[in-house]
$ cat structure-v2.cif   # mmCIF, C-alpha atoms and all ligand atoms
data_run
loop_
_atom_site.group_PDB
_atom_site.id
_atom_site.type_symbol
_atom_site.label_atom_id
_atom_site.label_comp_id
_atom_site.auth_asym_id
_atom_site.auth_seq_id
_atom_site.Cartn_x
_atom_site.Cartn_y
_atom_site.Cartn_z
ATOM 1 C CA MET A 1 8.298 1.914 17.316
ATOM 2 C CA LYS A 2 11.622 2.500 15.652
ATOM 3 C CA SER A 3 14.966 1.027 16.742
ATOM 4 C CA GLU A 4 13.239 -1.869 18.476
ATOM 5 C CA ASN A 5 15.991 -4.353 17.735
ATOM 6 C CA ALA A 6 19.016 -2.208 18.432
ATOM 7 C CA GLN A 7 21.007 -2.275 21.675
ATOM 8 C CA PRO A 8 20.977 0.629 24.146
ATOM 9 C CA PRO A 9 24.224 2.577 23.783
ATOM 10 C CA ALA A 10 24.878 2.502 27.515
ATOM 11 C CA MET A 11 24.541 -1.281 27.690
ATOM 12 C CA ARG A 12 27.613 -3.427 27.528
ATOM 13 C CA THR A 13 27.661 -6.755 25.791
ATOM 14 C CA ARG A 14 30.222 -8.413 28.054
ATOM 15 C CA LEU A 15 30.648 -8.492 31.810
ATOM 16 C CA GLY A 16 33.908 -6.577 31.463
ATOM 17 C CA VAL A 17 34.557 -5.888 35.138
ATOM 18 C CA GLU A 18 37.730 -5.837 37.142
ATOM 19 C CA GLU A 19 38.710 -8.506 39.636
ATOM 20 C CA PRO A 20 36.718 -7.842 42.831
ATOM 21 C CA ASP A 21 38.467 -8.091 46.157
ATOM 22 C CA ASP A 22 35.497 -7.717 48.472
ATOM 23 C CA LYS A 23 32.936 -10.055 49.994
ATOM 24 C CA TRP A 24 30.882 -10.155 46.814
ATOM 25 C CA SER A 25 33.582 -11.952 44.866
ATOM 26 C CA GLY A 26 31.718 -15.252 45.268
ATOM 27 C CA GLN A 27 28.710 -13.831 43.447
ATOM 28 C CA MET A 28 30.967 -12.514 40.733
ATOM 29 C CA ASP A 29 32.736 -15.840 40.371
ATOM 30 C CA GLU A 30 29.435 -17.604 39.779
ATOM 31 C CA GLN A 31 28.845 -15.405 36.766
ATOM 32 C CA LYS A 32 32.352 -15.932 35.517
ATOM 33 C CA GLN A 33 31.947 -19.702 35.810
ATOM 34 C CA GLY A 34 29.449 -19.552 33.006
ATOM 35 C CA ARG A 35 26.066 -19.549 34.732
ATOM 36 C CA LYS A 36 23.653 -18.238 32.157
ATOM 37 C CA GLY A 37 22.973 -14.625 33.024
ATOM 38 C CA LEU A 38 22.523 -11.183 31.522
ATOM 39 C CA SER A 39 25.167 -8.817 30.291
ATOM 40 C CA PRO A 40 25.431 -5.766 32.562
ATOM 41 C CA GLY A 41 23.436 -2.683 31.705
ATOM 42 C CA SER A 42 24.110 0.820 32.937
ATOM 43 C CA MET A 43 22.651 4.255 32.395
ATOM 44 C CA ILE A 44 23.654 7.757 33.448
ATOM 45 C CA GLY A 45 20.971 10.426 33.106
ATOM 46 C CA SER A 46 20.033 13.725 34.743
ATOM 47 C CA HIS A 47 18.869 14.375 38.295
ATOM 48 C CA PHE A 48 16.847 17.058 40.035
ATOM 49 C CA ASN A 49 17.778 19.277 43.019
ATOM 50 C CA ILE A 50 21.569 19.153 42.657
ATOM 51 C CA VAL A 51 23.278 22.460 43.438
ATOM 52 C CA ASP A 52 26.890 21.436 42.723
ATOM 53 C CA GLN A 53 27.144 19.318 39.554
ATOM 54 C CA GLU A 54 30.930 19.079 39.785
ATOM 55 C CA LYS A 55 30.861 17.608 43.286
ATOM 56 C CA PHE A 56 28.095 15.249 42.237
ATOM 57 C CA ALA A 57 30.116 13.999 39.250
ATOM 58 C CA SER A 58 33.139 13.416 41.518
ATOM 59 C CA ALA A 59 30.944 11.483 43.934
ATOM 60 C CA ILE A 60 29.655 9.264 41.106
ATOM 61 C CA GLN A 61 33.228 8.648 39.990
ATOM 62 C CA LEU A 62 34.230 7.660 43.535
ATOM 63 C CA LEU A 63 31.151 5.474 43.774
ATOM 64 C CA LYS A 64 32.095 3.637 40.582
ATOM 65 C CA GLU A 65 35.621 3.074 41.862
ATOM 66 C CA SER A 66 34.230 1.652 45.098
ATOM 67 C CA LEU A 67 31.924 -0.883 43.436
ATOM 68 C CA TRP A 68 32.547 -4.572 42.827
ATOM 69 C CA ASP A 69 31.795 -4.159 39.115
ATOM 70 C CA LYS A 70 33.431 -0.711 38.815
ATOM 71 C CA GLY A 71 30.132 0.788 37.677
ATOM 72 C CA ALA A 72 29.269 -1.700 34.907
ATOM 73 C CA THR A 73 25.726 -1.994 36.328
ATOM 74 C CA LEU A 74 25.386 1.572 37.602
ATOM 75 C CA PHE A 75 22.075 3.383 37.104
ATOM 76 C CA SER A 76 22.149 7.069 37.994
ATOM 77 C CA ALA A 77 19.193 9.229 36.922
ATOM 78 C CA ASP A 78 16.006 10.844 38.260
ATOM 79 C CA ASN A 79 17.395 10.986 41.850
ATOM 80 C CA LEU A 80 17.881 7.230 41.865
ATOM 81 C CA ILE A 81 21.290 5.546 42.084
ATOM 82 C CA THR A 82 21.522 1.769 41.970
ATOM 83 C CA TRP A 83 24.014 -0.945 41.081
ATOM 84 C CA ASN A 84 23.870 -4.694 40.629
ATOM 85 C CA LYS A 85 20.296 -4.541 39.261
ATOM 86 C CA ASN A 86 19.060 -6.118 36.020
ATOM 87 C CA LEU A 87 17.493 -2.815 34.827
ATOM 88 C CA SER A 88 14.876 -4.647 32.765
ATOM 89 C CA PHE A 89 13.661 -1.402 31.191
ATOM 90 C CA LEU A 90 17.003 -1.060 29.371
ATOM 91 C CA ARG A 91 16.317 -4.447 27.810
ATOM 92 C CA ASP A 92 12.709 -3.672 26.924
ATOM 93 C CA PRO A 93 12.401 -2.773 23.207
ATOM 94 C CA PHE A 94 9.698 -0.157 23.775
ATOM 95 C CA CYS A 95 11.595 1.646 26.549
ATOM 96 C CA TYR A 96 14.797 1.391 24.571
ATOM 97 C CA GLY A 97 12.930 3.097 21.731
ATOM 98 C CA ILE A 98 12.303 6.066 24.067
ATOM 99 C CA LEU A 99 15.965 6.166 25.127
ATOM 100 C CA THR A 100 17.123 6.314 21.531
ATOM 101 C CA ASP A 101 14.387 8.639 20.244
ATOM 102 C CA GLU A 102 16.106 11.789 19.006
ATOM 103 C CA HIS A 103 12.939 13.785 19.740
ATOM 104 C CA ALA A 104 12.843 12.755 23.420
ATOM 105 C CA SER A 105 14.529 15.205 25.823
ATOM 106 C CA LEU A 106 17.202 14.274 28.347
ATOM 107 C CA SER A 107 14.705 14.595 31.199
ATOM 108 C CA GLU A 108 12.145 12.429 29.355
ATOM 109 C CA LYS A 109 14.873 9.803 28.933
ATOM 110 C CA SER A 110 16.080 10.187 32.510
ATOM 111 C CA ILE A 111 12.637 9.289 33.922
ATOM 112 C CA ILE A 112 12.628 5.976 32.006
ATOM 113 C CA TRP A 113 12.270 3.864 35.169
ATOM 114 C CA ARG A 114 9.087 5.812 36.038
ATOM 115 C CA THR A 115 7.807 5.461 32.478
ATOM 116 C CA TYR A 116 8.488 1.713 32.538
ATOM 117 C CA ILE A 117 6.419 1.361 35.722
ATOM 118 C CA LEU A 118 3.655 3.559 34.349
ATOM 119 C CA LEU A 119 3.438 1.570 31.108
ATOM 120 C CA HIS A 120 3.432 -1.722 33.005
ATOM 121 C CA PHE A 121 0.400 -0.693 35.032
ATOM 122 C CA ALA A 122 -1.310 0.975 32.087
ATOM 123 C CA GLU A 123 -1.055 -2.359 30.261
ATOM 124 C CA PHE A 124 -2.377 -4.159 33.351
ATOM 125 C CA ALA A 125 -5.354 -1.745 33.400
ATOM 126 C CA CYS A 126 -6.292 -2.619 29.810
ATOM 127 C CA ALA A 127 -8.063 -5.674 31.236
ATOM 128 C CA VAL A 128 -9.977 -3.502 33.723
ATOM 129 C CA GLU A 129 -13.351 -1.880 33.056
ATOM 130 C CA GLY A 130 -13.207 1.873 32.412
ATOM 131 C CA ASP A 131 -11.299 4.629 30.660
ATOM 132 C CA PHE A 132 -7.806 6.100 31.067
ATOM 133 C CA ALA A 133 -6.938 9.647 32.177
ATOM 134 C CA GLU A 134 -3.900 11.793 32.855
ATOM 135 C CA PHE A 135 -4.217 14.784 35.158
ATOM 136 C CA GLY A 136 -1.353 17.135 34.222
ATOM 137 C CA CYS A 137 -0.399 15.907 30.746
ATOM 138 C CA TYR A 138 1.954 18.838 29.964
ATOM 139 C CA ASN A 139 3.272 18.347 26.394
ATOM 140 C CA GLY A 140 1.770 14.859 26.200
ATOM 141 C CA HIS A 141 5.062 12.924 26.333
ATOM 142 C CA THR A 142 3.922 10.272 28.807
ATOM 143 C CA ALA A 143 0.436 10.012 27.332
ATOM 144 C CA LEU A 144 1.943 9.502 23.888
ATOM 145 C CA GLN A 145 3.943 6.520 25.152
ATOM 146 C CA ILE A 146 0.705 4.964 26.477
ATOM 147 C CA VAL A 147 -1.036 5.560 23.159
ATOM 148 C CA ARG A 148 1.883 4.117 21.175
ATOM 149 C CA LYS A 149 2.259 1.036 23.334
ATOM 150 C CA LEU A 150 -1.377 0.125 23.956
ATOM 151 C CA ASP A 151 -4.166 -0.085 21.425
ATOM 152 C CA LEU A 152 -6.704 1.764 23.566
ATOM 153 C CA GLY A 153 -8.924 2.523 20.554
ATOM 154 C CA ALA A 154 -9.338 -1.174 19.733
ATOM 155 C CA LEU A 155 -10.123 -1.853 23.397
ATOM 156 C CA GLY A 156 -12.897 0.741 23.285
ATOM 157 C CA LYS A 157 -11.182 2.855 25.915
ATOM 158 C CA ARG A 158 -10.969 6.638 25.917
ATOM 159 C CA LEU A 159 -7.971 8.622 27.147
ATOM 160 C CA TYR A 160 -8.770 11.955 28.823
ATOM 161 C CA LEU A 161 -5.901 14.451 29.070
ATOM 162 C CA TYR A 162 -6.219 17.415 31.427
ATOM 163 C CA ASP A 163 -3.954 20.432 31.799
ATOM 164 C CA LEU A 164 -3.927 24.202 32.144
ATOM 165 C CA PHE A 165 -1.486 24.359 29.202
ATOM 166 C CA GLU A 166 -0.232 27.751 30.443
ATOM 167 C CA TRP A 167 1.558 29.465 33.282
ATOM 168 C CA LYS A 168 1.474 33.127 34.253
ATOM 169 C CA GLU A 169 3.025 35.227 37.027
ATOM 170 C CA GLY A 170 1.280 34.558 40.336
ATOM 171 C CA ASP A 171 -0.057 31.111 39.350
ATOM 172 C CA ALA A 172 0.172 28.474 42.089
ATOM 173 C CA HIS A 173 1.466 25.677 39.859
ATOM 174 C CA THR A 174 5.113 25.066 38.941
ATOM 175 C CA ARG A 175 6.486 26.879 35.918
ATOM 176 C CA HIS A 176 7.697 24.365 33.327
ATOM 177 C CA ILE A 177 9.500 25.660 30.258
ATOM 178 C CA GLY A 178 6.903 24.206 27.841
ATOM 179 C CA LEU A 179 4.158 26.251 29.515
ATOM 180 C CA ASP A 180 5.727 29.403 28.041
ATOM 181 C CA ASN A 181 4.527 28.198 24.623
ATOM 182 C CA PRO A 182 1.320 30.182 23.912
ATOM 183 C CA ASN A 183 0.164 27.386 21.538
ATOM 184 C CA MET A 184 0.735 24.515 23.907
ATOM 185 C CA TYR A 185 -2.897 23.390 23.967
ATOM 186 C CA GLU A 186 -3.125 23.471 20.152
ATOM 187 C CA ASP A 187 0.209 21.610 19.870
ATOM 188 C CA VAL A 188 -0.962 18.850 22.211
ATOM 189 C CA CYS A 189 -4.283 18.556 20.323
ATOM 190 C CA GLU A 190 -2.250 18.245 17.120
ATOM 191 C CA ARG A 191 -0.018 15.580 18.681
ATOM 192 C CA PHE A 192 -3.044 13.394 19.387
ATOM 193 C CA CYS A 193 -5.245 14.276 16.414
ATOM 194 C CA ALA A 194 -4.679 10.852 14.819
ATOM 195 C CA PHE A 195 -6.162 9.146 17.895
ATOM 196 C CA GLU A 196 -9.904 9.783 17.942
ATOM 197 C CA PHE A 197 -10.278 8.143 21.370
ATOM 198 C CA VAL A 198 -8.115 10.871 23.000
ATOM 199 C CA ARG A 199 -9.865 13.902 24.485
ATOM 200 C CA VAL A 200 -7.731 16.927 25.467
ATOM 201 C CA ILE A 201 -9.340 19.187 28.076
ATOM 202 C CA LYS A 202 -7.913 22.637 28.835
ATOM 203 C CA GLY A 203 -8.580 24.279 32.181
ATOM 204 C CA SER A 204 -7.918 24.040 35.886
ATOM 205 C CA VAL A 205 -8.522 20.669 37.563
ATOM 206 C CA PRO A 206 -11.048 19.922 39.052
ATOM 207 C CA GLY A 207 -13.224 22.714 37.546
ATOM 208 C CA SER A 208 -12.383 21.525 34.023
ATOM 209 C CA PHE A 209 -14.131 18.192 34.740
ATOM 210 C CA GLU A 210 -17.362 19.972 33.742
ATOM 211 C CA GLN A 211 -16.107 19.707 30.159
ATOM 212 C CA GLY A 212 -15.880 15.931 30.398
ATOM 213 C CA PHE A 213 -14.925 13.208 32.884
ATOM 214 C CA PRO A 214 -14.928 9.397 32.552
ATOM 215 C CA GLU A 215 -17.922 7.504 33.977
ATOM 216 C CA LYS A 216 -15.645 4.631 35.013
ATOM 217 C CA ILE A 217 -11.876 4.767 35.430
ATOM 218 C CA ALA A 218 -9.428 1.901 34.843
ATOM 219 C CA PHE A 219 -6.236 3.946 34.923
ATOM 220 C CA ALA A 220 -5.342 7.418 36.189
ATOM 221 C CA HIS A 221 -1.973 9.159 36.190
ATOM 222 C CA ILE A 222 -1.890 12.218 38.465
ATOM 223 C CA ASP A 223 1.065 14.537 37.906
ATOM 224 C CA MET A 224 0.271 18.186 38.665
ATOM 225 C CA ASN A 225 3.012 18.923 41.233
ATOM 226 C CA HIS A 226 0.510 20.704 43.482
ATOM 227 C CA PRO A 227 -1.700 19.416 46.316
ATOM 228 C CA ASP A 228 -4.878 21.431 45.542
ATOM 229 C CA PRO A 229 -5.700 20.109 42.047
ATOM 230 C CA GLU A 230 -4.425 16.663 43.045
ATOM 231 C CA VAL A 231 -6.853 16.548 45.975
ATOM 232 C CA GLY A 232 -9.660 17.663 43.621
ATOM 233 C CA ALA A 233 -8.690 15.034 41.060
ATOM 234 C CA LEU A 234 -8.386 12.171 43.530
ATOM 235 C CA LYS A 235 -11.737 12.983 45.165
ATOM 236 C CA ALA A 236 -13.379 12.718 41.744
ATOM 237 C CA ILE A 237 -11.403 9.644 40.603
ATOM 238 C CA LEU A 238 -11.724 7.276 43.557
ATOM 239 C CA PRO A 239 -15.548 6.870 43.480
ATOM 240 C CA ARG A 240 -15.258 5.980 39.757
ATOM 241 C CA LEU A 241 -12.188 3.746 39.985
ATOM 242 C CA THR A 242 -13.319 0.243 39.063
ATOM 243 C CA ARG A 243 -12.164 -3.023 40.661
ATOM 244 C CA GLY A 244 -8.548 -3.611 39.585
ATOM 245 C CA GLY A 245 -8.251 0.041 38.554
ATOM 246 C CA VAL A 246 -4.863 1.712 39.027
ATOM 247 C CA VAL A 247 -3.835 5.216 40.095
ATOM 248 C CA ILE A 248 -0.200 6.300 39.711
ATOM 249 C CA LEU A 249 0.665 9.392 41.747
ATOM 250 C CA ASP A 250 3.801 10.722 40.112
ATOM 251 C CA ASP A 251 4.899 13.005 42.964
ATOM 252 C CA TYR A 252 3.780 10.921 45.956
ATOM 253 C CA GLY A 253 7.209 9.808 47.192
ATOM 254 C CA TRP A 254 9.169 13.007 46.546
ATOM 255 C CA TRP A 255 10.015 14.756 49.802
ATOM 256 C CA GLY A 256 9.957 18.149 48.054
ATOM 257 C CA TYR A 257 6.316 17.425 47.187
ATOM 258 C CA SER A 258 5.460 15.912 50.573
ATOM 259 C CA PRO A 259 2.510 18.340 51.068
ATOM 260 C CA GLN A 260 0.836 16.211 48.393
ATOM 261 C CA LYS A 261 1.283 12.989 50.369
ATOM 262 C CA VAL A 262 0.039 14.764 53.509
ATOM 263 C CA ALA A 263 -3.069 16.005 51.629
ATOM 264 C CA LEU A 264 -3.801 12.801 49.674
ATOM 265 C CA ASP A 265 -3.298 10.090 52.326
ATOM 266 C CA PRO A 266 -6.489 10.873 54.321
ATOM 267 C CA ILE A 267 -8.630 10.753 51.130
ATOM 268 C CA ILE A 268 -7.097 7.412 50.175
ATOM 269 C CA ARG A 269 -7.699 6.054 53.693
ATOM 270 C CA GLU A 270 -11.357 7.190 53.560
ATOM 271 C CA HIS A 271 -11.785 4.893 50.558
ATOM 272 C CA GLY A 272 -10.156 1.986 52.410
ATOM 273 C CA LEU A 273 -7.156 2.014 50.063
ATOM 274 C CA LYS A 274 -3.381 2.228 50.521
ATOM 275 C CA VAL A 275 -0.571 3.648 48.425
ATOM 276 C CA LEU A 276 2.728 1.886 47.864
ATOM 277 C CA GLU A 277 5.598 4.386 47.661
ATOM 278 C CA LEU A 278 8.003 3.260 44.941
ATOM 279 C CA PRO A 279 11.760 4.029 44.820
ATOM 280 C CA THR A 280 11.109 6.131 41.705
ATOM 281 C CA GLY A 281 9.066 8.584 43.814
ATOM 282 C CA GLN A 282 5.776 7.366 42.345
ATOM 283 C CA GLY A 283 2.885 6.197 44.491
ATOM 284 C CA LEU A 284 0.970 3.101 43.341
ATOM 285 C CA LEU A 285 -2.659 2.562 44.283
ATOM 286 C CA ILE A 286 -4.726 -0.406 43.089
ATOM 287 C CA ARG A 287 -8.406 -0.910 43.927
HETATM 288 C C1 LIG A 301 5.092 17.829 35.720
HETATM 289 S S1 LIG A 301 4.000 18.441 34.546
HETATM 290 C C2 LIG A 301 3.245 16.994 33.920
HETATM 291 C C3 LIG A 301 4.145 16.124 33.092
HETATM 292 C C4 LIG A 301 3.428 15.044 32.310
HETATM 293 N N1 LIG A 301 2.613 14.215 33.173
HETATM 294 C C5 LIG A 301 4.391 14.147 31.578
HETATM 295 O O1 LIG A 301 4.691 13.073 32.097
HETATM 296 O O2 LIG A 301 4.859 14.517 30.507
HETATM 297 C C6 LIG A 301 2.757 19.170 35.542
HETATM 298 C C7 LIG A 301 1.584 19.691 34.747
HETATM 299 O O3 LIG A 301 0.493 19.920 35.619
HETATM 300 C C8 LIG A 301 -0.258 20.999 35.120
HETATM 301 N N2 LIG A 301 -1.119 21.563 36.171
HETATM 302 C C9 LIG A 301 -0.734 22.131 37.335
HETATM 303 N N3 LIG A 301 -1.804 22.566 38.021
HETATM 304 C C10 LIG A 301 -2.899 22.259 37.268
HETATM 305 C C11 LIG A 301 -4.302 22.458 37.433
HETATM 306 N N4 LIG A 301 -4.813 23.081 38.498
HETATM 307 N N5 LIG A 301 -5.113 22.001 36.455
HETATM 308 C C12 LIG A 301 -4.635 21.389 35.359
HETATM 309 N N6 LIG A 301 -3.318 21.170 35.154
HETATM 310 C C13 LIG A 301 -2.459 21.610 36.090
HETATM 311 C C14 LIG A 301 0.803 21.977 34.630
HETATM 312 O O4 LIG A 301 0.262 22.875 33.681
HETATM 313 C C15 LIG A 301 1.865 21.031 34.053
HETATM 314 O O5 LIG A 301 1.727 20.889 32.658
#
$ encode --input "structure-v2.cif" --output "structure tokens"
Amino acid sequence: MKSENAQPPAMRTRLGVEEPDDKWSGQMDEQKQGRKGLSPGSMIGSHFNIVDQEKFASAIQLLKESLWDKGATLFSADNLITWNKNLSFLRDPFCYGILTDEHASLSEKSIIWRTYILLHFAEFACAVEGDFAEFGCYNGHTALQIVRKLDLGALGKRLYLYDLFEWKEGDAHTRHIGLDNPNMYEDVCERFCAFEFVRVIKGSVPGSFEQGFPEKIAFAHIDMNHPDPEVGALKAILPRLTRGGVVILDDYGWWGYSPQKVALDPIIREHGLKVLELPTGQGLLIR
């Protein structure tokens, strides 16, 4: 991956904060006294569901002014605002490669914390019996990161990618801009043509499983923004999810998609499993 050794532009190389006057000054002093630590990292990306960008920007400015480090460690993207965190993904060469990739969109960069979690568990699942699958692969951005980071071919694992690859008036699923591309399916096939272990399946989940479905599943990423296909996918996945297998539910923790949580929780309970809701909005399930 290119740019692996460079530094993220938003990361600072020195602490560079103003004198704190609040109760956290002790913590700050420890760093100043030369305890070996990390330089602060920060990142500002895009969010969803904001109706007044100007007000939001003012709020972020006020937030920075109110913080002990004046925003030197601020992360604000993907409806997640944090400070005083190490932000390990900004220090990870692979994730940094995504952040500096000129072909990656602002929203693909803004979901970096999600991608970092997804890649962590995809790597974990490499040691688990079974294949990989993504249900709702869209333009293949996330799947491509998995393929670039992990040598699934050498591990003898297949990656199944499912999507409708289109949207038309009256369809139940969310309209994403890329779905207006009449050649989306062909473009995604082209994107993965160098990876013979990737299978791209066009059609509505779960009906499209007739075209191919893994016998055993080590890793599944479900991201269709709609409860009906997600219920269909999960019902087919869970009986084939092997011991140690991982399911990441991209929309599980988003209140705007809460009908998905309501629909999926009983199926997960039936299988004696539990989902951990992550601050990124993802749901994590491990067998
Ligand atoms: C949010 S996008 C997925 C983004 C993708 N996972 C990524 O990270 O780049 C949701 C996708 O789900 C697909 N989708 C929605 N309903 C579907 C269904 N019934 N069958 C197959 N795909 C579906 C849409 O076409 C869309 O591409």
$ closest_residue --input "structure-v2.cif" --among "A:Asn84, A:Ser58, A:Thr242, A:Asn183" --to "Val128 (chain A)" --atoms "all atoms listed in the file"
A:Thr242
$ residues_near_ligand --input "structure-v2.cif" --ligand "ligand LIG 301 (chain A)" --cutoff "10 Å" --atoms "only C-alpha atoms and all ligand atoms" --output "PyMOL selection string"
chain A and resi 107-108+111+114-115+118+134-145+161-167+171-179+184+201-209+221-230+232-233+250-251
$ residues_around --input "structure-v2.cif" --residues "Lys109 (chain A)" --least-positions-apart "5" --cutoff "8 Å" --atoms "all atoms listed in the file" --output "mmCIF file with C-alpha atoms, in the coordinates of the input"
data_model
loop_
_atom_site.group_PDB
_atom_site.id
_atom_site.type_symbol
_atom_site.label_atom_id
_atom_site.label_comp_id
_atom_site.auth_asym_id
_atom_site.auth_seq_id
_atom_site.Cartn_x
_atom_site.Cartn_y
_atom_site.Cartn_z
ATOM 1 C CA GLY A 45 20.971 10.426 33.106
ATOM 2 C CA ILE A 98 12.303 6.066 24.067
ATOM 3 C CA LEU A 99 15.965 6.166 25.127
ATOM 4 C CA ALA A 104 12.843 12.755 23.420
#
$ atom_distance --input "structure-v2.cif" --atom1 "CA of Lys85 (chain A)" --atom2 "CA of Gly97 (chain A)"
20.5 Å
$ atom_distance --input "structure-v2.cif" --atom1 "CA of Arg158 (chain A)" --atom2 "CA of Phe94 (chain A)"
21.9 Å
$ atom_distance --input "structure-v2.cif" --atom1 "CA of Ile112 (chain A)" --atom2 "CA of Ala220 (chain A)"
18.5 Å
$ residues_around --input "structure-v2.cif" --residues "Tyr160 (chain A)" --least-positions-apart "5" --cutoff "8 Å" --atoms "only C-alpha atoms" --output "list in words"
Asp131, Phe132, Ala133, Glu134, Val198, Arg199, Val200, Ile201, Phe213 and Pro214 of chain A
$ closest_residue --input "structure-v2.cif" --among "A:Ile267, A:Met43, A:Val147, A:Leu62" --to "Lys235 (chain A)" --atoms "all atoms listed in the file"
A:Ile267
$ closest_residue --input "structure-v2.cif" --among "A:Gly41, A:Gly130, A:Pro259, A:Gly71" --to "Asn86 (chain A)" --atoms "all atoms listed in the file"
A:Gly41
$ closest_residue --input "structure-v2.cif" --among "A:Trp255, A:Leu273, A:Asn79, A:Leu238" --to "Phe56 (chain A)" --atoms "only C-alpha atoms"
A:Asn79
$ resolve_selection --input "structure-v2.cif" --expression "the PyMOL selection byres (((chain A and resi 276) around 12) and not hetatm)" --output "ChimeraX atom specification"
/A:246-250,252-253,261,265,268,273-275,277-286
$ residues_near_point --input "structure-v2.cif" --point "(-16.9, 1.6, 41.2)" --cutoff "10 Å" --atoms "all atoms listed in the file" --output "PDB file with C-alpha atoms, in the coordinates of the input"
ATOM      1  CA  GLU A 129     -13.351  -1.880  33.056  1.00  0.00           C
ATOM      2  CA  GLY A 130     -13.207   1.873  32.412  1.00  0.00           C
ATOM      3  CA  GLU A 215     -17.922   7.504  33.977  1.00  0.00           C
ATOM      4  CA  LYS A 216     -15.645   4.631  35.013  1.00  0.00           C
ATOM      5  CA  ILE A 217     -11.876   4.767  35.430  1.00  0.00           C
ATOM      6  CA  ALA A 218      -9.428   1.901  34.843  1.00  0.00           C
ATOM      7  CA  ILE A 237     -11.403   9.644  40.603  1.00  0.00           C
ATOM      8  CA  LEU A 238     -11.724   7.276  43.557  1.00  0.00           C
ATOM      9  CA  PRO A 239     -15.548   6.870  43.480  1.00  0.00           C
ATOM     10  CA  ARG A 240     -15.258   5.980  39.757  1.00  0.00           C
ATOM     11  CA  LEU A 241     -12.188   3.746  39.985  1.00  0.00           C
ATOM     12  CA  THR A 242     -13.319   0.243  39.063  1.00  0.00           C
ATOM     13  CA  ARG A 243     -12.164  -3.023  40.661  1.00  0.00           C
ATOM     14  CA  GLY A 244      -8.548  -3.611  39.585  1.00  0.00           C
ATOM     15  CA  GLY A 245      -8.251   0.041  38.554  1.00  0.00           C
ATOM     16  CA  ARG A 287      -8.406  -0.910  43.927  1.00  0.00           C
TER      17      ARG A 287
END
$ residues_near_point --input "structure-v2.cif" --point "(4.4, -4.3, 34.8)" --cutoff "12 Å" --atoms "only C-alpha atoms" --output "MDAnalysis selection string"
chainID A and resid 88:89 92 113:126 246 284
$ axis_aligned_box --input "structure-v2.cif" --around "region 166-182 of chain A" --padding-each-side "6 Å" --output "lines of an AutoDock Vina configuration file"
center_x = 4.6
center_y = 29.7
center_z = 33.0
size_x = 21.7
size_y = 23.0
size_z = 30.2
$ resolve_selection --input "structure-v2.cif" --expression "the PyMOL selection byres (((chain A and resi 60) around 12) and not hetatm)" --output "CSV table (one decimal) with C-alpha atoms, in the frame of the given file"
chain,number,residue,atom,x,y,z
A,44,ILE,CA,23.7,7.8,33.4
A,45,GLY,CA,21.0,10.4,33.1
A,53,GLN,CA,27.1,19.3,39.6
A,54,GLU,CA,30.9,19.1,39.8
A,55,LYS,CA,30.9,17.6,43.3
A,56,PHE,CA,28.1,15.2,42.2
A,57,ALA,CA,30.1,14.0,39.2
A,58,SER,CA,33.1,13.4,41.5
A,59,ALA,CA,30.9,11.5,43.9
A,61,GLN,CA,33.2,8.6,40.0
A,62,LEU,CA,34.2,7.7,43.5
A,63,LEU,CA,31.2,5.5,43.8
A,64,LYS,CA,32.1,3.6,40.6
A,65,GLU,CA,35.6,3.1,41.9
A,66,SER,CA,34.2,1.7,45.1
A,67,LEU,CA,31.9,-0.9,43.4
A,70,LYS,CA,33.4,-0.7,38.8
A,71,GLY,CA,30.1,0.8,37.7
A,74,LEU,CA,25.4,1.6,37.6
A,75,PHE,CA,22.1,3.4,37.1
A,76,SER,CA,22.1,7.1,38.0
A,77,ALA,CA,19.2,9.2,36.9
A,80,LEU,CA,17.9,7.2,41.9
A,81,ILE,CA,21.3,5.5,42.1
A,82,THR,CA,21.5,1.8,42.0
A,83,TRP,CA,24.0,-0.9,41.1
$ decode --input "structure-v2.cif" --residues "region 142-149 of chain A" --atoms "N, CA and C atoms" --output "PDB file, in the first residue's frame"
ATOM      1  N   THR A 142     -14.999  -1.186   0.912  1.00  0.00           N
ATOM      2  CA  THR A 142     -14.591  -1.891   2.133  1.00  0.00           C
ATOM      3  C   THR A 142     -13.993  -3.254   1.790  1.00  0.00           C
ATOM      4  N   ALA A 143     -14.626  -3.938   0.854  1.00  0.00           N
ATOM      5  CA  ALA A 143     -14.133  -5.268   0.465  1.00  0.00           C
ATOM      6  C   ALA A 143     -12.721  -5.162  -0.105  1.00  0.00           C
ATOM      7  N   LEU A 144     -12.458  -4.092  -0.818  1.00  0.00           N
ATOM      8  CA  LEU A 144     -11.126  -3.919  -1.414  1.00  0.00           C
ATOM      9  C   LEU A 144     -10.060  -3.743  -0.322  1.00  0.00           C
ATOM     10  N   GLN A 145     -10.430  -3.084   0.764  1.00  0.00           N
ATOM     11  CA  GLN A 145      -9.463  -2.924   1.862  1.00  0.00           C
ATOM     12  C   GLN A 145      -9.137  -4.301   2.463  1.00  0.00           C
ATOM     13  N   ILE A 146     -10.156  -5.146   2.600  1.00  0.00           N
ATOM     14  CA  ILE A 146      -9.936  -6.503   3.139  1.00  0.00           C
ATOM     15  C   ILE A 146      -8.991  -7.267   2.220  1.00  0.00           C
ATOM     16  N   VAL A 147      -9.262  -7.183   0.927  1.00  0.00           N
ATOM     17  CA  VAL A 147      -8.470  -7.926  -0.059  1.00  0.00           C
ATOM     18  C   VAL A 147      -7.020  -7.411  -0.105  1.00  0.00           C
ATOM     19  N   ARG A 148      -6.857  -6.102   0.065  1.00  0.00           N
ATOM     20  CA  ARG A 148      -5.501  -5.534   0.039  1.00  0.00           C
ATOM     21  C   ARG A 148      -4.720  -5.892   1.296  1.00  0.00           C
ATOM     22  N   LYS A 149      -5.426  -5.914   2.422  1.00  0.00           N
ATOM     23  CA  LYS A 149      -4.712  -6.136   3.688  1.00  0.00           C
ATOM     24  C   LYS A 149      -4.420  -7.610   3.945  1.00  0.00           C
TER      25      LYS A 149
END
